[in-house]
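For reference, coords.cif (mmCIF, C-alpha atoms):
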```cif
data_coords
loop_
_atom_site.label_atom_id
_atom_site.label_comp_id
_atom_site.auth_asym_id
_atom_site.auth_seq_id
_atom_site.Cartn_x
_atom_site.Cartn_y
_atom_site.Cartn_z
CA MET Z 1 25.51 -63.69 -56.60
CA THR Z 2 25.94 -65.80 -59.72
CA THR Z 3 25.69 -63.78 -62.94
CA GLU Z 4 26.92 -64.47 -66.43
CA PHE Z 5 29.33 -61.72 -67.47
CA THR Z 6 27.35 -61.27 -70.68
CA ASP Z 7 24.35 -60.22 -68.55
CA VAL Z 8 26.23 -57.13 -67.37
CA PRO Z 9 26.22 -54.03 -69.60
CA ALA Z 10 29.91 -54.04 -70.58
CA ARG Z 11 30.24 -50.27 -70.33
CA ASP Z 12 29.05 -50.31 -66.71
CA GLY Z 13 31.06 -53.12 -65.15
CA VAL Z 14 34.54 -53.35 -63.68
CA ALA Z 15 36.27 -56.71 -63.96
CA ILE Z 16 38.60 -58.21 -61.38
CA ILE Z 17 41.33 -59.75 -63.53
CA GLY Z 18 44.02 -60.42 -60.94
CA MET Z 19 44.36 -60.88 -57.17
CA ALA Z 20 47.05 -61.34 -54.56
CA GLY Z 21 47.05 -61.37 -50.79
CA ARG Z 22 48.49 -62.69 -47.56
CA PHE Z 23 46.41 -63.18 -44.46
CA PRO Z 24 46.62 -64.80 -41.04
CA GLY Z 25 47.28 -68.50 -41.54
CA ALA Z 26 47.66 -68.06 -45.31
CA GLY Z 27 50.74 -67.15 -47.29
CA ASP Z 28 48.79 -67.00 -50.56
CA LEU Z 29 45.21 -67.04 -51.84
CA THR Z 30 45.11 -70.80 -52.38
CA GLU Z 31 45.83 -71.37 -48.70
CA PHE Z 32 43.49 -68.52 -47.76
CA TRP Z 33 40.55 -70.08 -49.60
CA SER Z 34 41.37 -73.54 -48.29
CA ASN Z 35 41.26 -72.24 -44.70
CA LEU Z 36 37.97 -70.41 -45.29
CA ARG Z 37 36.39 -73.38 -47.04
CA ASP Z 38 37.42 -75.75 -44.26
CA GLY Z 39 36.41 -73.43 -41.41
CA VAL Z 40 39.94 -72.96 -40.07
CA GLU Z 41 40.25 -70.29 -37.39
CA SER Z 42 43.62 -68.56 -37.77
CA ILE Z 43 43.39 -66.75 -34.44
CA VAL Z 44 45.75 -68.80 -32.28
CA ALA Z 45 46.66 -69.04 -28.61
CA LEU Z 46 49.98 -67.45 -27.63
CA THR Z 47 52.33 -68.97 -25.11
CA ASP Z 48 54.02 -67.02 -22.34
CA GLU Z 49 57.32 -67.60 -24.13
CA GLU Z 50 56.00 -66.06 -27.36
CA LEU Z 51 54.60 -63.08 -25.50
CA ALA Z 52 57.86 -62.52 -23.64
CA ALA Z 53 59.80 -62.76 -26.93
CA ALA Z 54 57.45 -60.14 -28.41
CA GLY Z 55 58.37 -57.79 -25.58
CA VAL Z 56 55.22 -58.06 -23.47
CA PRO Z 57 56.15 -57.67 -19.77
CA PRO Z 58 55.29 -60.72 -17.61
CA GLU Z 59 53.35 -58.50 -15.23
CA GLU Z 60 51.09 -57.55 -18.16
CA PHE Z 61 50.45 -60.95 -19.77
CA GLY Z 62 50.12 -62.47 -16.31
CA ARG Z 63 47.02 -60.42 -15.57
CA PRO Z 64 43.72 -62.33 -15.58
CA ASP Z 65 42.20 -59.85 -18.06
CA TYR Z 66 45.03 -60.26 -20.58
CA VAL Z 67 43.87 -62.27 -23.64
CA LYS Z 68 46.68 -64.45 -24.98
CA ALA Z 69 45.52 -64.78 -28.58
CA ALA Z 70 46.18 -63.19 -31.97
CA PRO Z 71 45.75 -63.92 -35.69
CA LYS Z 72 49.13 -65.37 -36.77
CA PHE Z 73 50.65 -63.63 -39.80
CA GLU Z 74 53.81 -65.24 -41.18
CA GLY Z 75 56.57 -64.21 -43.59
CA ILE Z 76 57.01 -60.55 -42.70
CA SER Z 77 60.80 -60.92 -43.05
CA LEU Z 78 60.69 -62.31 -46.59
CA PHE Z 79 60.72 -58.98 -48.49
CA ASP Z 80 63.07 -59.24 -51.49
CA ALA Z 81 64.73 -55.83 -51.27
CA GLU Z 82 67.11 -56.45 -54.17
CA PHE Z 83 64.27 -57.45 -56.50
CA PHE Z 84 62.61 -54.07 -55.98
CA GLY Z 85 65.86 -52.12 -56.15
CA TYR Z 86 66.29 -51.41 -52.44
CA THR Z 87 69.32 -51.88 -50.25
CA ALA Z 88 68.89 -53.87 -47.05
CA ARG Z 89 69.25 -50.65 -45.07
CA GLU Z 90 66.54 -48.92 -47.08
CA ALA Z 91 64.23 -51.87 -46.47
CA LYS Z 92 64.98 -51.76 -42.75
CA ILE Z 93 63.74 -48.19 -42.37
CA MET Z 94 60.57 -48.84 -44.41
CA ASP Z 95 57.29 -49.59 -42.63
CA PRO Z 96 56.41 -53.27 -43.25
CA GLN Z 97 53.05 -52.05 -44.58
CA HIS Z 98 54.82 -50.35 -47.50
CA ARG Z 99 56.88 -53.46 -48.22
CA LEU Z 100 53.83 -55.74 -48.10
CA PHE Z 101 51.71 -53.45 -50.29
CA LEU Z 102 54.46 -53.13 -52.90
CA GLU Z 103 55.09 -56.87 -53.25
CA THR Z 104 51.35 -57.68 -53.21
CA ALA Z 105 50.65 -55.07 -55.90
CA TRP Z 106 53.32 -56.76 -58.01
CA GLY Z 107 51.70 -60.11 -57.32
CA ALA Z 108 48.23 -58.92 -58.37
CA LEU Z 109 49.59 -57.46 -61.60
CA GLU Z 110 51.50 -60.68 -62.31
CA HIS Z 111 48.37 -62.74 -61.58
CA SER Z 112 46.46 -60.66 -64.13
CA GLY Z 113 48.97 -61.74 -66.80
CA TYR Z 114 50.31 -58.27 -67.54
CA ASP Z 115 53.80 -56.83 -67.58
CA ALA Z 116 53.66 -53.11 -66.80
CA ALA Z 117 56.67 -52.47 -69.05
CA GLN Z 118 54.81 -53.88 -72.05
CA TYR Z 119 51.30 -52.60 -71.31
CA ASP Z 120 50.23 -49.77 -73.60
CA GLY Z 121 47.62 -48.22 -71.29
CA SER Z 122 47.96 -46.35 -68.02
CA ILE Z 123 47.73 -48.17 -64.67
CA GLY Z 124 46.46 -46.41 -61.55
CA VAL Z 125 47.14 -47.34 -57.91
CA PHE Z 126 44.66 -46.86 -55.07
CA GLY Z 127 45.34 -48.13 -51.58
CA GLY Z 128 45.09 -47.71 -47.85
CA ALA Z 129 47.02 -48.67 -44.74
CA SER Z 130 46.62 -48.64 -40.99
CA THR Z 131 48.27 -45.99 -38.85
CA THR Z 132 51.95 -46.79 -38.61
CA ALA Z 133 53.54 -47.85 -35.35
CA TYR Z 134 56.96 -48.54 -36.85
CA LEU Z 135 58.96 -45.43 -36.01
CA GLY Z 136 60.02 -46.82 -32.64
CA ASN Z 137 61.37 -49.93 -34.36
CA ILE Z 138 63.40 -47.83 -36.77
CA LEU Z 139 65.05 -45.82 -34.04
CA SER Z 140 65.66 -48.77 -31.71
CA ASN Z 141 67.16 -51.02 -34.40
CA LEU Z 142 69.67 -48.63 -35.93
CA GLU Z 143 73.26 -49.71 -35.43
CA GLN Z 144 75.38 -47.52 -33.17
CA GLY Z 145 76.63 -44.53 -35.11
CA GLU Z 146 74.05 -44.89 -37.88
CA ALA Z 147 72.13 -41.81 -38.83
CA ILE Z 148 69.28 -41.30 -41.26
CA LYS Z 149 67.78 -38.11 -42.48
CA GLY Z 150 64.31 -37.28 -41.24
CA GLU Z 151 62.93 -37.04 -44.75
CA ASN Z 152 64.12 -40.59 -45.50
CA VAL Z 153 62.29 -41.88 -42.45
CA GLY Z 154 59.10 -40.13 -43.57
CA LEU Z 155 59.39 -41.59 -47.06
CA GLY Z 156 59.56 -45.02 -45.50
CA PHE Z 157 56.42 -44.95 -43.41
CA GLU Z 158 54.12 -42.03 -44.25
CA LEU Z 159 50.79 -43.15 -45.75
CA ALA Z 160 51.13 -40.36 -48.32
CA PHE Z 161 53.81 -42.37 -50.13
CA LEU Z 162 52.16 -45.81 -50.03
CA THR Z 163 50.77 -45.83 -53.58
CA SER Z 164 53.40 -43.53 -55.08
CA ARG Z 165 56.03 -46.10 -54.13
CA VAL Z 166 54.20 -48.76 -56.18
CA SER Z 167 53.79 -46.42 -59.15
CA TYR Z 168 57.47 -45.50 -58.99
CA LYS Z 169 58.87 -49.01 -58.59
CA LEU Z 170 56.57 -50.61 -61.18
CA ASP Z 171 56.67 -47.58 -63.52
CA LEU Z 172 52.90 -47.06 -63.55
CA ARG Z 173 51.60 -43.80 -65.09
CA GLY Z 174 47.96 -43.64 -63.97
CA PRO Z 175 46.44 -41.82 -60.97
CA SER Z 176 48.05 -42.84 -57.69
CA PHE Z 177 46.73 -41.86 -54.30
CA PRO Z 178 46.26 -43.32 -50.83
CA VAL Z 179 43.00 -43.49 -48.90
CA GLN Z 180 42.62 -43.46 -45.13
CA THR Z 181 39.10 -43.97 -43.82
CA ALA Z 182 39.97 -46.42 -41.01
CA CYS Z 183 38.30 -49.85 -41.39
CA SER Z 184 36.66 -48.90 -44.70
CA SER Z 185 39.91 -47.75 -46.35
CA SER Z 186 40.29 -50.62 -48.80
CA LEU Z 187 36.72 -50.49 -50.09
CA VAL Z 188 36.74 -46.70 -50.39
CA ALA Z 189 39.98 -47.11 -52.36
CA LEU Z 190 38.21 -49.70 -54.51
CA HIS Z 191 35.32 -47.29 -55.12
CA ALA Z 192 37.82 -44.62 -56.19
CA ALA Z 193 39.58 -47.08 -58.49
CA CYS Z 194 36.31 -48.09 -60.16
CA GLN Z 195 35.32 -44.46 -60.67
CA SER Z 196 38.72 -43.68 -62.16
CA LEU Z 197 38.36 -46.56 -64.61
CA LEU Z 198 34.79 -45.71 -65.58
CA ASN Z 199 35.81 -42.07 -66.09
CA TYR Z 200 38.67 -43.21 -68.35
CA GLU Z 201 41.35 -41.70 -66.11
CA CYS Z 202 43.27 -44.99 -66.38
CA ASP Z 203 43.00 -48.27 -68.28
CA MET Z 204 43.84 -50.62 -65.43
CA ALA Z 205 43.96 -50.13 -61.68
CA LEU Z 206 45.57 -51.82 -58.71
CA SER Z 207 43.50 -51.40 -55.56
CA GLY Z 208 43.79 -52.74 -52.05
CA ALA Z 209 45.10 -52.12 -48.56
CA VAL Z 210 47.44 -53.39 -45.89
CA SER Z 211 47.44 -53.53 -42.12
CA TYR Z 212 50.49 -54.57 -40.18
CA LYS Z 213 51.07 -53.34 -36.68
CA VAL Z 214 54.08 -53.90 -34.46
CA PRO Z 215 54.87 -55.50 -32.16
CA GLU Z 216 53.46 -58.74 -33.59
CA ASN Z 217 52.38 -61.87 -31.73
CA THR Z 218 50.91 -59.99 -28.79
CA GLY Z 219 47.57 -60.28 -27.05
CA TYR Z 220 45.57 -57.51 -25.46
CA LEU Z 221 43.90 -56.39 -22.26
CA TYR Z 222 40.16 -57.01 -22.19
CA GLN Z 223 37.85 -54.34 -20.83
CA GLU Z 224 34.19 -55.01 -20.06
CA GLY Z 225 31.96 -53.08 -22.46
CA ALA Z 226 34.77 -52.37 -24.95
CA PHE Z 227 34.95 -53.73 -28.52
CA LEU Z 228 37.63 -56.41 -27.99
CA ALA Z 229 36.56 -60.03 -27.41
CA PRO Z 230 37.07 -61.46 -23.91
CA ASP Z 231 38.30 -64.86 -25.13
CA GLY Z 232 40.18 -64.23 -28.39
CA HIS Z 233 37.35 -65.44 -30.66
CA ILE Z 234 35.17 -63.43 -33.04
CA ARG Z 235 31.58 -64.63 -33.54
CA PRO Z 236 29.98 -62.50 -36.28
CA PHE Z 237 26.17 -62.31 -36.08
CA ASP Z 238 26.10 -64.80 -33.22
CA ALA Z 239 24.10 -64.53 -30.01
CA ASP Z 240 27.37 -65.12 -28.14
CA ALA Z 241 29.28 -62.35 -29.96
CA ARG Z 242 31.19 -60.19 -27.49
CA GLY Z 243 33.79 -58.34 -29.54
CA THR Z 244 36.54 -58.44 -32.12
CA VAL Z 245 40.25 -59.29 -32.42
CA PHE Z 246 42.59 -57.24 -34.62
CA GLY Z 247 45.08 -58.84 -37.00
CA ASN Z 248 47.40 -58.18 -39.94
CA GLY Z 249 46.88 -58.74 -43.65
CA VAL Z 250 47.28 -57.37 -47.16
CA GLY Z 251 45.29 -57.73 -50.37
CA VAL Z 252 45.34 -56.14 -53.84
CA VAL Z 253 43.16 -56.69 -56.91
CA ALA Z 254 43.85 -55.76 -60.52
CA LEU Z 255 40.88 -54.11 -62.25
CA LYS Z 256 39.81 -53.26 -65.79
CA ARG Z 257 36.70 -51.91 -67.44
CA LEU Z 258 34.62 -54.99 -68.25
CA GLU Z 259 34.33 -54.13 -71.93
CA ASP Z 260 38.13 -53.94 -72.21
CA ALA Z 261 38.68 -57.15 -70.24
CA LEU Z 262 36.28 -58.99 -72.54
CA ALA Z 263 37.87 -57.53 -75.65
CA ASP Z 264 41.39 -58.40 -74.45
CA GLY Z 265 40.51 -61.96 -73.45
CA ASP Z 266 41.45 -61.47 -69.78
CA THR Z 267 40.59 -64.01 -67.10
CA ILE Z 268 37.63 -62.43 -65.30
CA HIS Z 269 37.32 -63.62 -61.72
CA ALA Z 270 34.35 -61.40 -60.83
CA VAL Z 271 32.53 -58.26 -61.94
CA ILE Z 272 31.90 -55.21 -59.77
CA ARG Z 273 28.50 -53.94 -60.85
CA GLY Z 274 28.33 -50.85 -58.65
CA SER Z 275 29.50 -49.19 -55.45
CA ALA Z 276 28.59 -46.26 -53.24
CA VAL Z 277 30.06 -44.25 -50.37
CA ASN Z 278 28.35 -41.99 -47.84
CA ASN Z 279 28.65 -40.75 -44.25
CA ASP Z 280 26.31 -40.57 -41.27
CA GLY Z 281 27.28 -37.00 -40.46
CA GLY Z 282 26.24 -35.96 -36.97
CA ALA Z 283 23.28 -38.31 -36.67
CA LYS Z 284 25.26 -41.15 -35.07
CA ALA Z 285 24.75 -42.16 -31.46
CA SER Z 286 28.53 -41.90 -31.05
CA PHE Z 287 31.51 -41.18 -33.26
CA THR Z 288 32.27 -44.87 -33.86
CA ALA Z 289 28.70 -46.20 -34.05
CA PRO Z 290 27.04 -46.09 -37.50
CA THR Z 291 23.33 -45.51 -37.97
CA VAL Z 292 20.86 -47.92 -39.49
CA ALA Z 293 19.55 -45.14 -41.74
CA GLY Z 294 23.00 -44.25 -43.09
CA GLN Z 295 23.90 -47.84 -43.87
CA THR Z 296 20.51 -48.46 -45.45
CA GLU Z 297 20.98 -45.46 -47.73
CA VAL Z 298 24.44 -46.48 -48.96
CA ILE Z 299 23.39 -50.10 -49.60
CA THR Z 300 20.30 -48.89 -51.47
CA GLU Z 301 22.42 -46.52 -53.54
CA ALA Z 302 24.91 -49.27 -54.45
CA LEU Z 303 22.07 -51.57 -55.52
CA ALA Z 304 20.59 -48.78 -57.66
CA VAL Z 305 23.94 -47.98 -59.29
CA ALA Z 306 24.46 -51.67 -60.02
CA GLU Z 307 20.88 -52.07 -61.29
CA VAL Z 308 20.58 -55.23 -59.20
CA ASP Z 309 17.36 -56.58 -57.73
CA PRO Z 310 17.97 -57.51 -54.06
CA GLU Z 311 15.94 -60.69 -54.58
CA SER Z 312 18.58 -61.93 -57.05
CA ILE Z 313 21.33 -61.78 -54.42
CA ASP Z 314 22.02 -65.00 -52.56
CA TYR Z 315 25.06 -64.03 -50.46
CA VAL Z 316 26.33 -60.92 -48.67
CA GLU Z 317 29.87 -60.70 -47.27
CA ALA Z 318 29.42 -58.27 -44.42
CA HIS Z 319 31.68 -56.20 -42.18
CA GLY Z 320 30.54 -58.48 -39.32
CA SER Z 321 33.03 -57.44 -36.65
CA GLY Z 322 31.39 -59.57 -33.96
CA THR Z 323 30.27 -56.65 -31.81
CA VAL Z 324 26.71 -56.65 -30.51
CA ILE Z 325 25.87 -53.10 -31.61
CA GLY Z 326 27.71 -53.13 -34.94
CA ASP Z 327 26.35 -56.48 -36.11
CA SER Z 328 22.77 -55.65 -35.19
CA ILE Z 329 22.94 -52.31 -37.01
CA GLU Z 330 24.32 -54.02 -40.10
CA VAL Z 331 21.58 -56.66 -40.17
CA GLN Z 332 18.86 -54.05 -39.69
CA ALA Z 333 20.28 -51.91 -42.51
CA LEU Z 334 20.53 -54.86 -44.90
CA SER Z 335 16.98 -55.93 -44.04
CA ARG Z 336 15.62 -52.47 -44.79
CA ALA Z 337 17.63 -52.06 -48.00
CA PHE Z 338 16.60 -55.49 -49.26
CA GLY Z 339 12.95 -54.81 -48.44
CA ASN Z 340 12.50 -57.78 -46.08
CA THR Z 341 11.72 -60.03 -49.07
CA GLY Z 342 13.17 -63.49 -49.53
CA THR Z 343 16.24 -64.87 -47.79
CA CYS Z 344 19.95 -64.32 -48.23
CA ALA Z 345 23.04 -65.92 -46.72
CA LEU Z 346 25.18 -63.62 -44.59
CA GLY Z 347 28.84 -64.09 -43.70
CA SER Z 348 32.01 -62.45 -42.46
CA LEU Z 349 35.57 -63.77 -42.65
CA LYS Z 350 36.52 -62.08 -39.38
CA GLY Z 351 35.64 -65.24 -37.50
CA ASN Z 352 38.46 -66.93 -39.44
CA VAL Z 353 41.23 -64.31 -39.65
CA GLY Z 354 40.28 -61.49 -37.29
CA HIS Z 355 39.57 -57.84 -37.97
CA LEU Z 356 42.23 -56.64 -40.43
CA ASP Z 357 41.52 -52.94 -39.92
CA ALA Z 358 42.31 -51.02 -43.14
CA ALA Z 359 42.62 -54.31 -45.07
CA SER Z 360 39.39 -55.88 -43.82
CA GLY Z 361 37.28 -54.86 -46.82
CA ILE Z 362 39.67 -56.07 -49.50
CA ALA Z 363 39.97 -59.39 -47.64
CA GLY Z 364 36.19 -59.76 -47.79
CA LEU Z 365 36.14 -58.85 -51.49
CA ILE Z 366 38.80 -61.44 -52.29
CA LYS Z 367 36.99 -64.07 -50.20
CA THR Z 368 33.74 -63.44 -52.05
CA THR Z 369 35.49 -63.53 -55.42
CA LEU Z 370 37.15 -66.83 -54.58
#
```
In C-alpha cells, what does this structure look like?
Amino acid sequence: MTTEFTDVPARDGVAIIGMAGRFPGAGDLTEFWSNLRDGVESIVALTDEELAAAGVPPEEFGRPDYVKAAPKFEGISLFDAEFFGYTAREAKIMDPQHRLFLETAWGALEHSGYDAAQYDGSIGVFGGASTTAYLGNILSNLEQGEAIKGENVGLGFELAFLTSRVSYKLDLRGPSFPVQTACSSSLVALHAACQSLLNYECDMALSGAVSYKVPENTGYLYQEGAFLAPDGHIRPFDADARGTVFGNGVGVVALKRLEDALADGDTIHAVIRGSAVNNDGGAKASFTAPTVAGQTEVITEALAVAEVDPESIDYVEAHGSGTVIGDSIEVQALSRAFGNTGTCALGSLKGNVGHLDAASGIAGLIKTTL
C-alpha cells in the first residue's frame, strides 16, 4: 500500500530504517530484489555429484520418489570470526544460524546509519531461528583429542542465546529475547519488537530470524498427500500447487518509533502501521492446519489496530506456501477480513526462494518493503 509517511499518526507508527538479509540466490538485498523483480526461481536442480558430496547415499537419491532440488544458499563459510571477536575454534562450534543472525544484525544496524557505540538510546533485539541440526556436525568435525565443555556447545547452538549473543557482541542494552513459533517466528518477533518500541522499553530495535539447516544441498523424499512438492517447485495460489520446498535464509530489520525517525532525519523505507497475533486454540481440523475463522480474526484485528481501510490496500504479501489446504484457507480468510469488496493483488516469494521456515515472514516483509 502506498501511503505518505505524514498521513500516519507519528505516535502510532514504527519505521523500518535499516535492512539486511541473505537468501537463496542472493547474497544481499540488491540481488534479492533483482531476482524477485525478474522472476528468478532460486530453487535449483541438484546433480548426483552434489548430492553425494552432501552425504546423501546413492541408494536414497536414486529412488524415483527422491526430489533432486533445493534453494541454493551461498556464502555460509564467509563468517568473519575475528571481526566479531571469536577464535576460529569458537566459530566452528557455533550453529551457523547464530553466525548468520549476528552478522546480519550488524548489517541492518549499519544500513540504518547508526553506530551502537555512539547511539544514546537503548537498542533491543528480537529474533527467531529454526530448530538446530548442527550438534552432529560439531561432534563429527572435532579434531582427534579435542574436547569442549558441554556448556560451551550449548552456548553455540541453543536458541535461548541467539539474541543475547547480538546484544553482547554489539553492546546493545535494550530488551533481548528469542521467539520460537515455527514458521511465524520472525513476524511474532517483529510484533514483539514493535510493542517494545511503542511501550518505550527501547529506542531502536533489531528484529528478524534465520533458518539454516544442515546438511545443505540435499533434496528430499516425496510422499503423496504430504506437504512437500513432488517436483521441486512451489506454486503459491496456483491450481497446480502441490506442496512446498524448504530452504535457508536470514533477514533483520532496524526499527524506530516513527516520530523519532522523522525527528532524527532517518531514511524511512516503510512504516508498520499495526500488527496482531492470535491462536486457533483447539478449533483446528489438525494441529498444523489453521482455521479460516482464526486467520480472519487476526487480520481484522491488525487492520483495526492500524486504522487502515481494506479498500485502500492494493497488495498483500501472503504466507502462500503452495499447499492446497493452506493457500485456500489463507485466501478465504483474507476475503472475509477484507469484506469481499474491491480487488487486491496477492503474492508470495516462496515461489522464488522456497519456504524459509522461521525466516519466511521477515523475507516477505523485506520483499514488500523493497
Checklist entry - So how many Å separate atom CA of Gly127 of chain Z and atom CA of Ser348 of chain Z, to one decimal? => result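 Going from atom CA of Gly127 of chain Z over to atom CA of Ser348 of chain Z covers 21.6 Å.
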Next on the checklist: Using all atoms listed in the file for the distances, tell me which of Z:Thr47, Z:Thr87, Z:Ser112, Z:Thr218 is nearest to Thr267 of chain Z.
Outcome noted: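 Between Z:Thr47, Z:Thr87, Z:Ser112, Z:Thr218, the residue approaching Thr267 of chain Z most closely is Z:Ser112.
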Checklist outcome for this item: From the list Z:Pro236, Z:Gly39, Z:Thr341, Z:Asp48, the nearest residue to Gly62 of chain Z using all atoms listed in the file is Z:Asp48
Next on the checklist: From the options Z:Asn278, Z:Ser185, Z:Ser321, Z:Ser167, which residue's atoms come nearest to Asn352 of chain Z, counting all atoms listed in the file?
Outcome noted: Z:Ser321
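For the atom pair formed by atom CA of Val214 of chain Z and atom CA of Gly85 of chain Z, the distance is 24.7 Å, given to one decimal.
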Using the chain letters and numbers from this file, what does the PyMOL selection byres ((chain Z and resi 323) around 12) select? Give the answer as a CSV table (one decimal) with C-alpha atoms, keeping the file's coordinate frame.
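Once everything was written out, this is part.csv:
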```
chain,number,residue,atom,x,y,z
Z,225,GLY,CA,32.0,-53.1,-22.5
Z,226,ALA,CA,34.8,-52.4,-25.0
Z,227,PHE,CA,35.0,-53.7,-28.5
Z,228,LEU,CA,37.6,-56.4,-28.0
Z,229,ALA,CA,36.6,-60.0,-27.4
Z,230,PRO,CA,37.1,-61.5,-23.9
Z,233,HIS,CA,37.4,-65.4,-30.7
Z,234,ILE,CA,35.2,-63.4,-33.0
Z,235,ARG,CA,31.6,-64.6,-33.5
Z,236,PRO,CA,30.0,-62.5,-36.3
Z,237,PHE,CA,26.2,-62.3,-36.1
Z,238,ASP,CA,26.1,-64.8,-33.2
Z,239,ALA,CA,24.1,-64.5,-30.0
Z,240,ASP,CA,27.4,-65.1,-28.1
Z,241,ALA,CA,29.3,-62.4,-30.0
Z,242,ARG,CA,31.2,-60.2,-27.5
Z,243,GLY,CA,33.8,-58.3,-29.5
Z,244,THR,CA,36.5,-58.4,-32.1
Z,245,VAL,CA,40.2,-59.3,-32.4
Z,289,ALA,CA,28.7,-46.2,-34.0
Z,319,HIS,CA,31.7,-56.2,-42.2
Z,320,GLY,CA,30.5,-58.5,-39.3
Z,321,SER,CA,33.0,-57.4,-36.6
Z,322,GLY,CA,31.4,-59.6,-34.0
Z,324,VAL,CA,26.7,-56.6,-30.5
Z,325,ILE,CA,25.9,-53.1,-31.6
Z,326,GLY,CA,27.7,-53.1,-34.9
Z,327,ASP,CA,26.4,-56.5,-36.1
Z,328,SER,CA,22.8,-55.6,-35.2
Z,329,ILE,CA,22.9,-52.3,-37.0
Z,330,GLU,CA,24.3,-54.0,-40.1
Z,350,LYS,CA,36.5,-62.1,-39.4
Z,351,GLY,CA,35.6,-65.2,-37.5
Z,355,HIS,CA,39.6,-57.8,-38.0
```
Item to check | atom CA of Gly25 of chain Z to atom CA of Phe61 of chain Z, straight-line distance in Å | outcome: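 Taking atom CA of Phe61 of chain Z as the start and atom CA of Gly25 of chain Z as the end point, the length is 23.3 Å.
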Next on the checklist: For the provided coordinates, the residues matched by the PyMOL selection byres ((chain Z and resi 52) around 12) should be stated as a list in words.
Outcome noted: Leu46, Thr47, Asp48, Glu49, Glu50, Leu51, Ala53, Ala54, Gly55, Val56, Pro57, Pro58, Glu59, Glu60, Phe61, Gly62, Lys68, Pro215, Glu216, Asn217, Thr218 and Gly219 of chain Z
Item to check | Point (37.2, -58.9, -72.5) neighbourhood (12 Å, only C-alpha atoms) written as a ChimeraX atom specification | outcome: /Z:5-6,10-11,13-17,255-269,271
Item to check | Of the listed residues Z:Gln295, Z:Ser122, Z:Ser184, Z:Asn248, that which approaches Asp280 of chain Z most closely, counting all atoms listed in the file | outcome: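 Closest to Asp280 of chain Z, using all atoms listed in the file: Z:Gln295.
Checking Z:Ala182, Z:Ala117, Z:Met94, Z:Val44 one by one against Ala359 of chain Z, counting all atoms listed in the file, you find the shortest gap at Z:Ala182.
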Checklist entry - Which residues fall under the PyMOL selection byres ((chain Z and resi 251) around 10) in this file, as a VMD selection string? => result chain Z and resid 19 to 23 28 to 29 100 to 101 104 to 105 107 to 108 127 186 207 to 211 249 to 250 252 to 253 359 to 366
Selected residues, C-alpha atoms, written as a compact mmCIF listing (two decimals), in the coordinates of the input, please.
```
# COMPACT_ATOMS: atom_id res chain seq x y z
CA MET Z 19 44.36 -60.88 -57.17
CA ALA Z 20 47.05 -61.34 -54.56
CA GLY Z 21 47.05 -61.37 -50.79
CA ARG Z 22 48.49 -62.69 -47.56
CA PHE Z 23 46.41 -63.18 -44.46
CA ASP Z 28 48.79 -67.00 -50.56
CA LEU Z 29 45.21 -67.04 -51.84
CA LEU Z 100 53.83 -55.74 -48.10
CA PHE Z 101 51.71 -53.45 -50.29
CA THR Z 104 51.35 -57.68 -53.21
CA ALA Z 105 50.65 -55.07 -55.90
CA GLY Z 107 51.70 -60.11 -57.32
CA ALA Z 108 48.23 -58.92 -58.37
CA GLY Z 127 45.34 -48.13 -51.58
CA SER Z 186 40.29 -50.62 -48.80
CA SER Z 207 43.50 -51.40 -55.56
CA GLY Z 208 43.79 -52.74 -52.05
CA ALA Z 209 45.10 -52.12 -48.56
CA VAL Z 210 47.44 -53.39 -45.89
CA SER Z 211 47.44 -53.53 -42.12
CA GLY Z 249 46.88 -58.74 -43.65
CA VAL Z 250 47.28 -57.37 -47.16
CA VAL Z 252 45.34 -56.14 -53.84
CA VAL Z 253 43.16 -56.69 -56.91
CA ALA Z 359 42.62 -54.31 -45.07
CA SER Z 360 39.39 -55.88 -43.82
CA GLY Z 361 37.28 -54.86 -46.82
CA ILE Z 362 39.67 -56.07 -49.50
CA ALA Z 363 39.97 -59.39 -47.64
CA GLY Z 364 36.19 -59.76 -47.79
CA LEU Z 365 36.14 -58.85 -51.49
CA ILE Z 366 38.80 -61.44 -52.29
```
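With only C-alpha atoms as the atoms that count, the minimum distance from Lys169 of chain Z to the choices Z:Trp33, Z:Leu102, Z:Val67, Z:Gly247 is reached by Z:Leu102.
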Segment 30-38 of chain Z from the block above: N, CA and C atoms written as a PDB file, in the first residue's frame:
```
ATOM      1  N   THR Z  30      20.135  -6.168  -2.725  1.00  0.00           N
ATOM      2  CA  THR Z  30      20.085  -5.701  -4.113  1.00  0.00           C
ATOM      3  C   THR Z  30      19.867  -6.877  -5.052  1.00  0.00           C
ATOM      4  N   GLU Z  31      20.613  -7.951  -4.830  1.00  0.00           N
ATOM      5  CA  GLU Z  31      20.464  -9.148  -5.655  1.00  0.00           C
ATOM      6  C   GLU Z  31      19.125  -9.831  -5.394  1.00  0.00           C
ATOM      7  N   PHE Z  32      18.694  -9.800  -4.144  1.00  0.00           N
ATOM      8  CA  PHE Z  32      17.404 -10.386  -3.760  1.00  0.00           C
ATOM      9  C   PHE Z  32      16.264  -9.711  -4.532  1.00  0.00           C
ATOM     10  N   TRP Z  33      16.248  -8.377  -4.517  1.00  0.00           N
ATOM     11  CA  TRP Z  33      15.178  -7.653  -5.207  1.00  0.00           C
ATOM     12  C   TRP Z  33      15.272  -7.845  -6.716  1.00  0.00           C
ATOM     13  N   SER Z  34      16.470  -7.865  -7.244  1.00  0.00           N
ATOM     14  CA  SER Z  34      16.647  -8.081  -8.675  1.00  0.00           C
ATOM     15  C   SER Z  34      16.068  -9.433  -9.097  1.00  0.00           C
ATOM     16  N   ASN Z  35      16.333 -10.468  -8.308  1.00  0.00           N
ATOM     17  CA  ASN Z  35      15.794 -11.798  -8.613  1.00  0.00           C
ATOM     18  C   ASN Z  35      14.270 -11.812  -8.549  1.00  0.00           C
ATOM     19  N   LEU Z  36      13.707 -11.168  -7.520  1.00  0.00           N
ATOM     20  CA  LEU Z  36      12.254 -11.137  -7.373  1.00  0.00           C
ATOM     21  C   LEU Z  36      11.608 -10.351  -8.514  1.00  0.00           C
ATOM     22  N   ARG Z  37      12.202  -9.219  -8.837  1.00  0.00           N
ATOM     23  CA  ARG Z  37      11.665  -8.360  -9.893  1.00  0.00           C
ATOM     24  C   ARG Z  37      11.679  -9.069 -11.242  1.00  0.00           C
ATOM     25  N   ASP Z  38      12.732  -9.856 -11.477  1.00  0.00           N
ATOM     26  CA  ASP Z  38      12.897 -10.513 -12.770  1.00  0.00           C
ATOM     27  C   ASP Z  38      12.302 -11.919 -12.802  1.00  0.00           C
TER      28      ASP Z  38
END
```
